[in-house]
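Asker: Just one file: target-v3.txt, with compact mmCIF, C-alpha atoms.
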```
# COMPACT_ATOMS: atom_id res chain seq x y z
CA MET S 18 146.66 84.27 199.20
CA LYS S 19 143.57 83.94 197.08
CA THR S 20 144.45 82.65 193.65
CA LEU S 21 141.45 82.40 191.36
CA LEU S 22 142.01 79.44 189.11
CA TYR S 23 139.08 80.28 186.89
CA SER S 24 140.80 83.54 185.99
CA PHE S 25 143.84 81.60 184.83
CA PHE S 26 141.65 79.16 182.89
CA ILE S 27 139.77 81.86 181.06
CA LEU S 28 142.84 83.98 180.34
CA PHE S 29 144.69 80.91 179.06
CA ALA S 30 141.82 80.06 176.73
CA PHE S 31 141.69 83.59 175.40
CA GLN S 32 145.41 83.63 174.67
CA LEU S 33 145.05 80.40 172.69
CA ASN S 34 141.88 81.31 170.82
CA ALA S 35 142.22 85.13 170.59
CA GLN S 36 138.44 85.54 170.69
CA VAL S 37 135.59 86.11 173.12
CA SER S 38 134.29 82.81 174.47
CA GLN S 39 130.70 81.92 175.37
CA PHE S 40 129.40 80.64 178.68
CA ASN S 41 127.66 77.27 178.60
CA LEU S 42 123.98 77.40 179.55
CA LEU S 43 123.13 74.75 182.16
CA GLY S 44 119.62 75.69 183.21
CA THR S 45 116.96 78.39 183.49
CA TRP S 46 114.04 79.21 185.75
CA SER S 47 111.05 81.51 185.31
CA ASN S 48 107.39 81.70 186.30
CA ASP S 49 105.00 82.76 183.56
CA THR S 50 102.18 83.45 186.03
CA LEU S 51 103.96 86.44 187.57
CA PRO S 52 103.07 89.93 186.31
CA ALA S 53 105.58 92.33 184.81
CA SER S 54 106.15 95.82 186.20
CA SER S 55 104.23 98.65 184.60
CA ALA S 56 107.38 100.79 184.34
CA HIS S 57 109.89 98.51 182.59
CA ASN S 58 107.92 95.35 181.80
CA ASN S 59 110.24 93.44 184.13
CA THR S 60 109.02 90.48 186.14
CA TYR S 61 112.46 89.85 187.68
CA ASN S 62 115.22 91.93 189.22
CA GLU S 63 118.21 91.15 191.44
CA VAL S 64 119.98 87.80 191.80
CA TRP S 65 122.00 86.50 194.75
CA GLY S 66 123.34 83.14 195.92
CA ILE S 67 123.60 81.20 199.20
CA THR S 68 124.45 77.71 200.42
CA ASN S 69 122.98 75.56 203.17
CA ALA S 70 123.68 71.97 204.22
CA GLY S 71 125.74 71.27 201.13
CA ARG S 72 123.15 72.59 198.68
CA GLU S 73 123.30 75.71 196.54
CA TYR S 74 120.50 78.21 196.05
CA ALA S 75 119.92 81.08 193.69
CA ILE S 76 117.91 83.98 195.06
CA ILE S 77 115.96 86.00 192.51
CA GLY S 78 113.55 88.86 193.12
CA SER S 79 110.29 89.35 191.27
CA THR S 80 107.18 91.49 191.35
CA TYR S 81 105.84 88.94 193.85
CA GLY S 82 108.74 88.51 196.24
CA THR S 83 111.90 86.52 196.91
CA HIS S 84 112.31 83.15 195.19
CA PHE S 85 114.66 80.43 196.46
CA ILE S 86 115.82 78.25 193.56
CA ASP S 87 117.78 75.06 194.26
CA VAL S 88 120.62 74.96 191.71
CA THR S 89 122.57 72.10 193.29
CA ASP S 90 121.74 70.30 190.06
CA PRO S 91 122.37 73.25 187.74
CA ASN S 92 120.65 71.47 184.86
CA ASP S 93 117.38 71.44 186.79
CA PRO S 94 116.85 74.68 188.76
CA THR S 95 113.88 74.13 191.06
CA GLU S 96 111.98 76.60 193.19
CA VAL S 97 111.81 75.29 196.75
CA TYR S 98 110.40 78.31 198.56
CA VAL S 99 109.13 81.83 197.98
CA VAL S 100 108.64 84.70 200.43
CA GLU S 101 105.95 87.19 199.48
CA GLY S 102 107.03 90.82 199.56
CA GLY S 103 105.19 93.43 201.61
CA THR S 104 104.08 94.97 198.33
CA THR S 105 103.51 92.82 195.26
CA GLY S 106 102.37 93.37 191.71
CA ARG S 107 103.09 95.65 188.79
CA SER S 108 104.32 98.58 190.90
CA ILE S 109 107.44 96.62 191.93
CA ILE S 110 110.59 97.20 189.87
CA HIS S 111 113.49 96.73 192.29
CA ARG S 112 114.39 94.27 194.98
CA ASP S 113 117.83 93.82 196.48
CA PHE S 114 119.51 91.20 198.67
CA HIS S 115 122.53 90.55 200.83
CA ASP S 116 123.29 87.74 203.25
CA LEU S 117 125.16 87.43 206.53
CA ASN S 118 125.67 84.44 208.82
CA GLY S 119 122.91 82.35 207.27
CA TYR S 120 120.35 85.15 207.08
CA LEU S 121 119.12 86.79 203.90
CA TYR S 122 118.24 90.49 203.97
CA ALA S 123 115.73 91.74 201.38
CA VAL S 124 114.38 95.19 200.48
CA ALA S 125 112.26 96.78 197.75
CA ASP S 126 112.28 100.28 196.30
CA GLU S 127 108.56 100.58 195.62
CA GLY S 128 105.31 100.07 197.48
CA ALA S 129 103.73 101.66 200.53
CA GLU S 130 103.66 98.30 202.32
CA SER S 131 107.17 97.13 201.43
CA THR S 132 109.41 96.15 204.35
CA LEU S 133 112.86 95.08 205.40
CA GLN S 134 112.63 91.30 205.46
CA ILE S 135 115.24 89.17 207.25
CA MET S 136 115.05 85.44 206.61
CA ASP S 137 116.65 82.51 208.40
CA CYS S 138 117.81 80.21 205.58
CA SER S 139 119.06 77.37 207.76
CA PHE S 140 115.89 75.32 207.24
CA LEU S 141 116.25 75.10 203.47
CA PRO S 142 115.15 73.29 201.39
CA ASP S 143 112.11 72.71 203.62
CA SER S 144 111.33 76.31 204.52
CA VAL S 145 112.58 79.84 205.10
CA GLN S 146 111.77 81.49 208.43
CA LEU S 147 110.93 85.20 208.33
CA VAL S 148 112.48 86.47 211.58
CA TYR S 149 111.97 90.19 210.88
CA ASP S 150 109.40 91.86 208.63
CA SER S 151 108.80 95.54 209.30
CA LYS S 152 108.56 98.91 207.55
CA GLU S 153 109.38 100.77 210.75
CA PHE S 154 112.94 101.56 209.63
CA ILE S 155 112.88 100.55 205.96
CA ARG S 156 109.86 100.78 203.75
CA ARG S 157 111.88 101.82 200.73
CA SER S 158 115.50 101.02 199.96
CA HIS S 159 117.08 100.85 196.53
CA ASN S 160 120.13 98.78 197.48
CA ILE S 161 121.73 97.27 200.56
CA PHE S 162 125.27 96.12 201.29
CA ILE S 163 126.47 94.43 204.48
CA ASP S 164 130.04 94.87 205.68
CA SER S 165 130.61 91.40 207.13
CA SER S 166 133.59 92.60 209.18
CA THR S 167 131.34 94.85 211.27
CA SER S 168 127.79 93.49 210.77
CA ILE S 169 126.75 96.92 209.54
CA MET S 170 124.18 97.15 206.75
CA TYR S 171 124.30 100.17 204.44
CA SER S 172 120.93 101.13 202.94
CA CYS S 173 120.62 103.43 199.91
CA ILE S 174 117.81 105.90 199.24
CA SER S 175 116.23 104.69 202.43
CA ALA S 176 112.98 105.57 204.18
CA GLY S 177 110.75 103.95 206.79
CA ASP S 178 107.62 104.80 208.73
CA LEU S 179 109.74 106.06 211.65
CA ALA S 180 112.85 106.92 209.64
CA PRO S 181 112.59 109.82 207.19
CA TRP S 182 114.03 109.64 203.70
CA THR S 183 117.82 109.86 203.50
CA PRO S 184 120.44 109.19 200.80
CA LEU S 185 122.25 106.71 203.08
CA ARG S 186 121.46 105.04 206.40
CA LEU S 187 123.52 102.54 208.42
CA PHE S 188 122.07 99.73 210.53
CA ASP S 189 123.54 97.40 213.13
CA VAL S 190 122.41 93.91 212.10
CA SER S 191 124.52 91.91 214.55
CA ASP S 192 121.19 90.64 215.89
CA PRO S 193 119.17 89.78 212.78
CA THR S 194 115.91 89.82 214.73
CA GLN S 195 116.46 93.37 215.97
CA PRO S 196 118.19 95.68 213.46
CA THR S 197 118.89 99.13 214.86
CA ILE S 198 119.65 102.45 213.20
CA ILE S 199 123.17 103.78 213.65
CA ALA S 200 123.09 107.04 211.67
CA SER S 201 122.00 108.73 208.44
CA TYR S 202 124.03 110.76 205.94
CA SER S 203 123.33 113.34 203.26
CA GLU S 204 126.66 115.16 202.94
CA PHE S 205 130.40 114.50 203.09
CA ASP S 206 132.76 117.33 204.04
CA GLY S 207 130.01 119.78 203.14
CA TYR S 208 129.37 118.16 199.75
CA ARG S 209 125.65 117.46 199.66
CA ILE S 210 124.42 114.39 197.84
CA SER S 211 120.87 113.83 196.70
CA GLN S 212 121.19 110.04 196.88
CA VAL S 213 123.44 107.03 197.15
CA HIS S 214 122.26 104.65 194.48
CA ASP S 215 124.59 101.73 195.23
CA MET S 216 127.85 101.07 197.05
CA TYR S 217 130.65 98.66 197.80
CA ILE S 218 132.07 98.39 201.34
CA ARG S 219 135.16 96.61 202.59
CA ASP S 220 136.49 96.92 206.16
CA ASN S 221 134.61 100.17 206.87
CA ILE S 222 135.71 101.87 203.63
CA ALA S 223 132.65 102.73 201.54
CA TYR S 224 132.73 103.41 197.81
CA LEU S 225 129.50 105.28 197.21
CA ASN S 226 127.88 105.61 193.78
CA CYS S 227 125.83 108.74 194.27
CA GLY S 228 123.72 108.92 191.11
CA PRO S 229 123.66 112.54 189.87
CA SER S 230 126.10 113.55 192.63
CA GLY S 231 129.06 111.51 191.38
CA PHE S 232 131.28 109.25 193.48
CA VAL S 233 132.38 109.45 197.13
CA VAL S 234 134.86 107.36 199.13
CA ALA S 235 134.45 107.53 202.91
CA ASP S 236 135.82 105.79 206.00
CA PHE S 237 133.06 104.65 208.37
CA THR S 238 135.34 103.21 211.05
CA ASP S 239 133.55 105.66 213.34
CA PRO S 240 130.07 105.69 211.81
CA MET S 241 129.10 108.65 213.97
CA ALA S 242 131.89 110.70 212.40
CA PRO S 243 132.82 109.24 208.99
CA GLN S 244 135.91 110.60 207.30
CA THR S 245 135.62 111.68 203.68
CA LEU S 246 138.55 110.26 201.70
CA SER S 247 137.70 111.48 198.21
CA ILE S 248 134.97 113.05 196.10
CA LEU S 249 134.65 112.78 192.32
CA GLU S 250 132.05 115.22 191.06
CA PRO S 251 130.27 114.60 187.75
CA SER S 252 132.05 117.56 186.15
CA GLU S 253 135.43 116.01 186.98
CA TYR S 254 135.33 112.98 184.69
CA GLU S 255 134.38 112.22 181.10
CA GLN S 256 131.24 110.27 180.22
CA SER S 257 129.73 111.17 183.55
CA GLY S 258 126.04 110.51 183.96
CA TYR S 259 124.00 108.65 186.54
CA ASN S 260 126.71 107.16 188.77
CA HIS S 261 125.11 103.79 189.32
CA SER S 262 127.29 101.00 190.70
CA GLY S 263 130.77 99.54 191.06
CA TRP S 264 133.02 96.95 192.68
CA LEU S 265 136.53 96.96 194.14
CA SER S 266 139.30 94.70 192.90
CA GLU S 267 140.43 92.02 195.34
CA ASP S 268 143.78 93.74 195.96
CA GLY S 269 141.96 97.00 196.71
CA SER S 270 143.79 98.98 194.05
CA THR S 271 141.12 99.46 191.40
CA TYR S 272 137.44 100.38 191.40
CA PHE S 273 135.23 99.56 188.43
CA MET S 274 132.51 102.22 188.20
CA ALA S 275 129.50 102.30 185.90
CA ASP S 276 127.31 105.22 184.91
CA GLU S 277 123.86 103.93 183.98
CA ASN S 278 123.62 105.75 180.67
CA HIS S 279 123.23 104.37 177.17
CA GLY S 280 126.61 104.27 175.45
CA ALA S 281 128.61 105.00 178.62
CA ASP S 282 131.78 103.02 179.33
CA ILE S 283 132.76 101.41 182.63
CA LYS S 284 135.45 103.55 184.28
CA VAL S 285 138.58 101.87 185.65
CA ILE S 286 139.76 103.94 188.63
CA ASP S 287 143.09 103.72 190.45
CA VAL S 288 142.20 104.23 194.13
CA THR S 289 145.64 103.60 195.62
CA GLY S 290 146.49 107.29 196.07
CA LEU S 291 143.45 108.67 197.85
CA PRO S 292 142.29 111.40 197.83
CA GLU S 293 143.41 111.23 194.19
CA LEU S 294 141.11 109.19 191.95
CA ASN S 295 142.71 108.46 188.60
CA ILE S 296 140.65 107.02 185.76
CA ILE S 297 143.23 104.88 184.00
CA ASP S 298 140.97 103.26 181.41
CA THR S 299 137.40 102.88 180.18
CA ILE S 300 135.91 99.63 178.87
CA ASP S 301 132.78 98.52 177.05
CA PRO S 302 131.65 95.44 175.07
CA GLY S 303 131.94 97.22 171.74
CA THR S 304 128.67 95.68 170.63
CA HIS S 305 126.33 98.66 170.14
CA PRO S 306 126.28 102.46 170.68
CA LEU S 307 123.35 102.01 173.09
CA SER S 308 125.04 99.43 175.33
CA ILE S 309 124.38 100.18 178.98
CA PRO S 310 126.02 98.55 182.02
CA HIS S 311 123.99 97.78 185.11
CA ASN S 312 125.82 95.87 187.87
CA GLN S 313 129.44 94.82 188.41
CA ILE S 314 131.12 92.14 190.53
CA VAL S 315 134.81 91.22 190.78
CA MET S 316 135.94 87.66 191.44
CA GLY S 317 139.70 87.17 191.39
CA ASP S 318 141.06 88.54 188.12
CA LEU S 319 137.65 88.64 186.47
CA LEU S 320 135.21 91.54 186.22
CA PHE S 321 131.60 90.47 185.67
CA SER S 322 129.12 93.04 184.41
CA SER S 323 125.45 92.57 183.60
CA TYR S 324 124.52 94.70 180.59
CA TYR S 325 120.85 95.37 179.91
CA TYR S 326 120.89 94.47 176.22
CA ASP S 327 124.24 92.67 176.03
CA GLY S 328 123.81 90.08 178.77
CA LEU S 329 126.76 89.02 180.89
CA GLN S 330 130.17 90.42 179.93
CA VAL S 331 133.42 89.30 181.55
CA TRP S 332 136.84 90.96 181.38
CA ASP S 333 140.30 89.80 182.41
CA ILE S 334 141.51 92.52 184.80
CA SER S 335 144.79 90.94 185.89
CA ASP S 336 146.56 93.93 184.31
CA PRO S 337 144.40 97.04 184.89
CA SER S 338 146.31 98.86 182.15
CA ASN S 339 145.44 96.16 179.61
CA ILE S 340 141.92 94.92 180.31
CA THR S 341 140.52 92.40 177.84
CA ARG S 342 136.96 91.21 177.27
CA ILE S 343 137.12 87.43 177.21
CA ILE S 344 133.71 85.83 177.74
CA GLU S 345 130.03 86.70 177.33
CA TYR S 346 126.50 85.35 177.31
CA SER S 347 123.38 87.03 175.90
CA THR S 348 120.22 86.58 177.97
CA SER S 349 117.87 88.74 175.91
CA ASN S 350 116.68 88.96 172.31
CA ILE S 351 115.41 92.52 172.70
CA ASP S 352 117.10 94.97 170.35
CA HIS S 353 119.07 97.87 171.82
CA ARG S 354 116.91 100.90 172.45
CA LEU S 355 116.63 103.81 174.87
CA ARG S 356 114.99 101.76 177.60
CA TYR S 357 116.01 99.41 180.43
CA GLU S 358 115.51 95.72 179.61
CA GLY S 359 117.54 92.52 179.71
CA ALA S 360 120.19 91.38 182.18
CA TRP S 361 119.87 92.87 185.66
CA GLY S 362 122.38 91.17 187.96
CA VAL S 363 125.10 88.55 188.27
CA TYR S 364 126.35 86.33 191.10
CA PRO S 365 129.51 84.20 190.56
CA PHE S 366 130.42 83.07 194.10
CA LEU S 367 128.70 79.70 194.56
CA PRO S 368 131.12 76.90 195.52
CA SER S 369 130.33 74.81 192.44
CA GLY S 370 131.58 77.59 190.19
CA VAL S 371 128.32 78.15 188.32
CA VAL S 372 127.43 81.75 187.50
CA LEU S 373 123.93 83.11 188.14
CA VAL S 374 122.42 85.84 185.97
CA SER S 375 118.99 87.45 186.28
CA ASP S 376 117.20 88.84 183.24
CA MET S 377 114.37 91.31 183.76
CA GLN S 378 112.04 89.57 181.33
CA GLU S 379 113.45 86.04 181.06
CA GLY S 380 114.25 85.07 184.67
CA LEU S 381 117.20 83.08 186.01
CA PHE S 382 120.12 81.74 183.97
CA VAL S 383 122.60 79.22 185.40
CA LEU S 384 125.85 79.35 183.44
CA GLU S 385 129.06 77.37 183.37
CA PHE S 386 132.53 78.62 182.51
CA PRO S 387 133.80 77.06 179.26
CA VAL S 388 136.42 75.11 181.20
CA SER S 389 135.89 71.97 179.12
CA ALA S 390 137.11 73.75 176.02
CA ILE S 391 140.25 74.73 177.89
CA GLU S 392 140.87 71.23 179.17
CA GLU S 393 140.54 69.87 175.63
CA THR S 394 142.97 72.37 174.10
CA ALA S 395 145.97 70.51 172.72
CA LEU S 396 149.36 71.41 174.17
CA GLU S 397 152.81 70.47 172.96
CA HIS S 398 153.34 68.04 175.81
CA GLY S 399 151.58 65.07 177.31
CA ASP S 400 148.59 64.71 179.56
CA PHE S 401 147.77 63.23 182.96
CA LYS S 402 145.16 60.79 184.15
CA ILE S 403 143.54 61.27 187.55
CA TYR S 404 141.45 58.52 189.13
CA PRO S 405 139.16 57.61 190.71
CA ASN S 406 137.06 60.64 189.80
CA PRO S 407 134.71 61.17 191.66
CA SER S 408 136.93 60.32 194.61
CA GLN S 409 136.38 59.78 198.31
CA GLY S 410 139.78 61.30 199.02
CA GLN S 411 142.20 58.75 197.60
CA LEU S 412 143.67 59.92 194.31
CA LYS S 413 146.19 58.65 191.80
CA ILE S 414 147.84 60.88 189.17
CA GLU S 415 149.63 59.30 186.23
CA SER S 416 151.48 60.92 183.35
CA ILE S 417 150.56 59.42 180.00
CA GLU S 418 154.02 60.23 178.62
CA ASN S 419 156.01 59.75 181.84
CA ASP S 420 156.45 63.47 182.43
CA LYS S 421 157.78 64.30 185.87
CA ILE S 422 155.31 65.98 188.21
CA GLU S 423 156.88 68.91 190.07
CA LEU S 424 153.92 70.28 192.04
CA VAL S 425 150.16 69.88 192.32
CA ASN S 426 148.05 72.73 193.69
CA VAL S 427 144.42 72.09 194.61
CA TYR S 428 141.82 74.88 194.29
CA ASN S 429 138.21 74.90 195.37
CA ALA S 430 135.45 76.11 193.06
CA GLU S 431 135.66 79.63 194.49
CA GLY S 432 139.30 79.85 193.42
CA TYR S 433 141.03 79.50 196.78
CA LYS S 434 144.12 77.34 196.95
CA VAL S 435 143.31 74.75 199.62
CA MET S 436 146.23 72.35 199.32
CA SER S 437 149.66 71.88 197.75
CA LEU S 438 150.90 68.35 197.03
CA SER S 439 154.49 67.22 196.75
CA PRO S 440 155.56 65.09 193.76
CA ASP S 441 154.06 61.62 194.05
CA SER S 442 151.56 59.39 192.30
CA ASN S 443 149.25 58.45 195.18
CA TYR S 444 147.58 61.10 197.32
CA THR S 445 145.20 61.28 200.25
CA LEU S 446 143.13 64.46 200.13
CA ASP S 447 141.39 65.69 203.26
CA LEU S 448 138.67 67.63 201.46
CA THR S 449 134.95 68.14 201.92
CA ASP S 450 132.53 67.15 199.18
CA GLY S 451 132.55 69.43 196.18
CA VAL S 452 134.22 70.39 192.91
CA TYR S 453 137.96 71.09 192.88
CA PHE S 454 140.59 71.84 190.27
CA LEU S 455 144.09 70.41 190.16
CA HIS S 456 146.87 72.57 188.75
CA ILE S 457 149.48 69.97 187.81
CA GLN S 458 152.90 71.48 187.12
CA SER S 459 155.45 69.49 185.16
CA GLU S 460 158.64 70.25 183.28
CA GLY S 461 157.88 73.30 181.18
CA PHE S 462 154.07 73.05 181.09
CA THR S 463 150.96 72.72 183.21
CA ARG S 464 147.69 70.84 183.12
CA PHE S 465 144.32 71.57 184.73
CA LYS S 466 141.98 68.80 185.81
CA LYS S 467 138.55 68.88 187.41
CA LEU S 468 138.13 66.64 190.47
CA ILE S 469 134.92 65.77 192.30
CA ILE S 470 135.11 64.73 195.95
CA ALA S 471 132.08 62.69 197.07
CA HIS S 472 132.26 60.68 200.28
```
Just give me the structure as structure tokens.
Answerer:
Amino acid sequence: MKTLLYSFFILFAFQLNAQVSQFNLLGTWSNDTLPASSAHNNTYNEVWGITNAGREYAIIGSTYGTHFIDVTDPNDPTEVYVVEGGTTGRSIIHRDFHDLNGYLYAVADEGAESTLQIMDCSFLPDSVQLVYDSKEFIRRSHNIFIDSSTSIMYSCISAGDLAPWTPLRLFDVSDPTQPTIIASYSEFDGYRISQVHDMYIRDNIAYLNCGPSGFVVADFTDPMAPQTLSILEPSEYEQSGYNHSGWLSEDGSTYFMADENHGADIKVIDVTGLPELNIIDTIDPGTHPLSIPHNQIVMGDLLFSSYYYDGLQVWDISDPSNITRIIEYSTSNIDHRLRYEGAWGVYPFLPSGVVLVSDMQEGLFVLEFPVSAIEETALEHGDFKIYPNPSQGQLKIESIENDKIELVNVYNAEGYKVMSLSPDSNYTLDLTDGVYFLHIQSEGFTRFKKLIIAH
């Protein structure tokens, strides 16, 4: 079972402090020589993250192309490679990314010469190999999402030289050098949609954010004959607008849906009783009447949302009926107005636990959870010492006040429990290099300690 330790950390801190915490800024990256788009004055757009050979990379799109930023040292983000887009310059607003099996897939939504680019990232940090670069099937695509269970790529608002415009098109990308079209879609059970703006897919079930056409849930187990599971038309829910994006909770029970309209709340939807879609709550930062959400991601019990003018906002969603905003970070100094500026995207899944945020005008932000503040919070009981730290695998845990250790759970930086340790004082940990967290349980209380494994 996936247990996200960060979620527990952040929730615990909120309960103690009863206030919204701030991320810690570790590093930034930008390039002042790049032009801004003529439409929204944005130089930058989407952000993604990958790993290779023990190093971590942020991917950020710009008006020029796709930038690979080494964030292994998060205090010193460094560009190691850039891939020029098929179209560059001030006409470019959107780029989007997804990765699968060591390959990065990249698209743009503007430019007559834009292409689907597929990049082999296994040579990083030395180079990135472009194994596919063609506008035959995709010249324009607003967003892509790859279902890793099937190696099927979903492409929104998609058009290519040999593939006419369609709201949604599916591709087989099992061979990254030869993507092939599976099928295209413009209606579900007779309900015509003008576009799919973004989507989330898990195990063939697609949650489609259809812009002015609302929200559709469909089963693509048979992509030649998808089954419509539910349709939520704009007239069927309050604060409907441009149905933009969303993300599914890890247990599959709740979908967090955003309409890209100034002042619109994020909708919290119970999806357990399909075809019924029940909006059980709405949430917003409460910072300004013109707040506008852009992109959402769920990691464990945390919902991350990039807000144009309000930066990164994070909610505790462990209880969908009682969602609480707990942490934030502002990336922009631009005042709220009826435009689209500020934070574009967020990526929280790198093994080190850093969080990546892209800002349309400012570039890349590398953030750290305020775990240190949690570790320093005084409890009623004693503390533990762990050493050596960093460790090569041998570890000793000692109670400062002779409290009895009952259990030690070890979590990696992504929040997965990787090991449980029986009560003892000396341990041998068979772990790869990286950052881990120890959840030390004693009589009536717990402690959390960061551990670095470095062989």
Asker: Report, in Å to a single decimal, how far apart CA of Trp361 (chain S) and CA of Phe237 (chain S) are.
Answerer: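 Computed distance, CA of Phe237 (chain S) to CA of Trp361 (chain S), equals 28.8 Å.
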Asker: Within 12 Å of Trp182 (chain S), counting only C-alpha atoms, which residues show up once you throw out same-chain ones fewer than 5 positions away? Write them as a PDB file with C-alpha atoms, in the frame of the given file, please.
Answerer:
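The file below, around.pdb, is the result:
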```pdb
ATOM      1  CA  PHE S 154     112.940 101.560 209.630  1.00  0.00           C
ATOM      2  CA  ILE S 155     112.880 100.550 205.960  1.00  0.00           C
ATOM      3  CA  ARG S 156     109.860 100.780 203.750  1.00  0.00           C
ATOM      4  CA  ARG S 157     111.880 101.820 200.730  1.00  0.00           C
ATOM      5  CA  SER S 158     115.500 101.020 199.960  1.00  0.00           C
ATOM      6  CA  HIS S 159     117.080 100.850 196.530  1.00  0.00           C
ATOM      7  CA  SER S 172     120.930 101.130 202.940  1.00  0.00           C
ATOM      8  CA  CYS S 173     120.620 103.430 199.910  1.00  0.00           C
ATOM      9  CA  ILE S 174     117.810 105.900 199.240  1.00  0.00           C
ATOM     10  CA  SER S 175     116.230 104.690 202.430  1.00  0.00           C
ATOM     11  CA  ALA S 176     112.980 105.570 204.180  1.00  0.00           C
ATOM     12  CA  GLY S 177     110.750 103.950 206.790  1.00  0.00           C
ATOM     13  CA  SER S 201     122.000 108.730 208.440  1.00  0.00           C
ATOM     14  CA  TYR S 202     124.030 110.760 205.940  1.00  0.00           C
ATOM     15  CA  SER S 203     123.330 113.340 203.260  1.00  0.00           C
ATOM     16  CA  SER S 211     120.870 113.830 196.700  1.00  0.00           C
ATOM     17  CA  GLN S 212     121.190 110.040 196.880  1.00  0.00           C
ATOM     18  CA  VAL S 213     123.440 107.030 197.150  1.00  0.00           C
TER      19      VAL S 213
END
```
Asker: Using all atoms listed in the file for the distances, tell me which of S:Ser439, S:Thr271, S:Thr445, S:Ser252 is nearest to Ile334 (chain S).
Answerer: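 Of S:Ser439, S:Thr271, S:Thr445, S:Ser252, the one nearest Ile334 (chain S), counting all atoms listed in the file, is S:Thr271.
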Asker: Would you mind telling me which residue in S:Tyr325, S:Tyr208, S:Tyr404, S:Trp332 lies nearest to Ser375 (chain S) when using all atoms listed in the file?
Answerer: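 Closest to Ser375 (chain S) of all the choices is S:Tyr325.
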Asker: Just to confirm, what's the straight-line distance from CA of Ile296 (chain S) to CA of Asp239 (chain S) in Å (one decimal)?
Answerer: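 These two atoms are separated by 28.5 Å.
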Asker: Can you work out which one of S:Ser459, S:Asn443, S:Gly328, S:Met136 has the shortest atom-to-atom distance to Glu418 (chain S), counting only C-alpha atoms?
Answerer: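 Once distances to Glu418 (chain S) are computed over only C-alpha atoms, the minimum belongs to S:Ser459.
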Asker: Please list as a PyMOL selection string every residue within 8 Å of Ile283 (chain S), counting only C-alpha atoms and excluding residues in the same chain fewer than 4 positions away.
Answerer: chain S and resi 273-276+299-301+310
Asker: (124.3, 101.0, 215.2) in this file's frame - what residues fall within 10 Å of it? Use all atoms listed in the file and give the answer as a list of chain:residue names.
Answerer: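 It turns out the residues near that spot are S:Ser168, S:Ile169, S:Met170, S:Leu187, S:Phe188, S:Asp189, S:Val190, S:Ser191, S:Pro196, S:Thr197, S:Ile198, S:Ile199, S:Ala200, S:Pro240, S:Met241.
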Asker: From the options S:Ile344, S:Asp178, S:Gly71, S:Gly106, which residue's atoms come nearest to Asp450 (chain S), counting only C-alpha atoms?
Answerer: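 For Asp450 (chain S), the nearest of the candidates is S:Gly71.
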Asker: Using all atoms listed in the file, pick whichever of S:Asn62, S:Gln330, S:Asn69, S:Ser338 has the shortest atom-to-atom distance to Asn160 (chain S).
Answerer: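 Between S:Asn62, S:Gln330, S:Asn69, S:Ser338, the residue approaching Asn160 (chain S) most closely is S:Asn62.
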Asker: Between CA of Ile422 (chain S) and CA of Phe454 (chain S), what distance in Å does the model show, to one decimal?
Answerer: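 Computing it gives 16.0 Å between the two atoms.
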Asker: Closest to Glu345 (chain S) among S:Gly362, S:Pro193, S:Gly380, S:Pro302, using all atoms listed in the file?
Answerer: S:Pro302
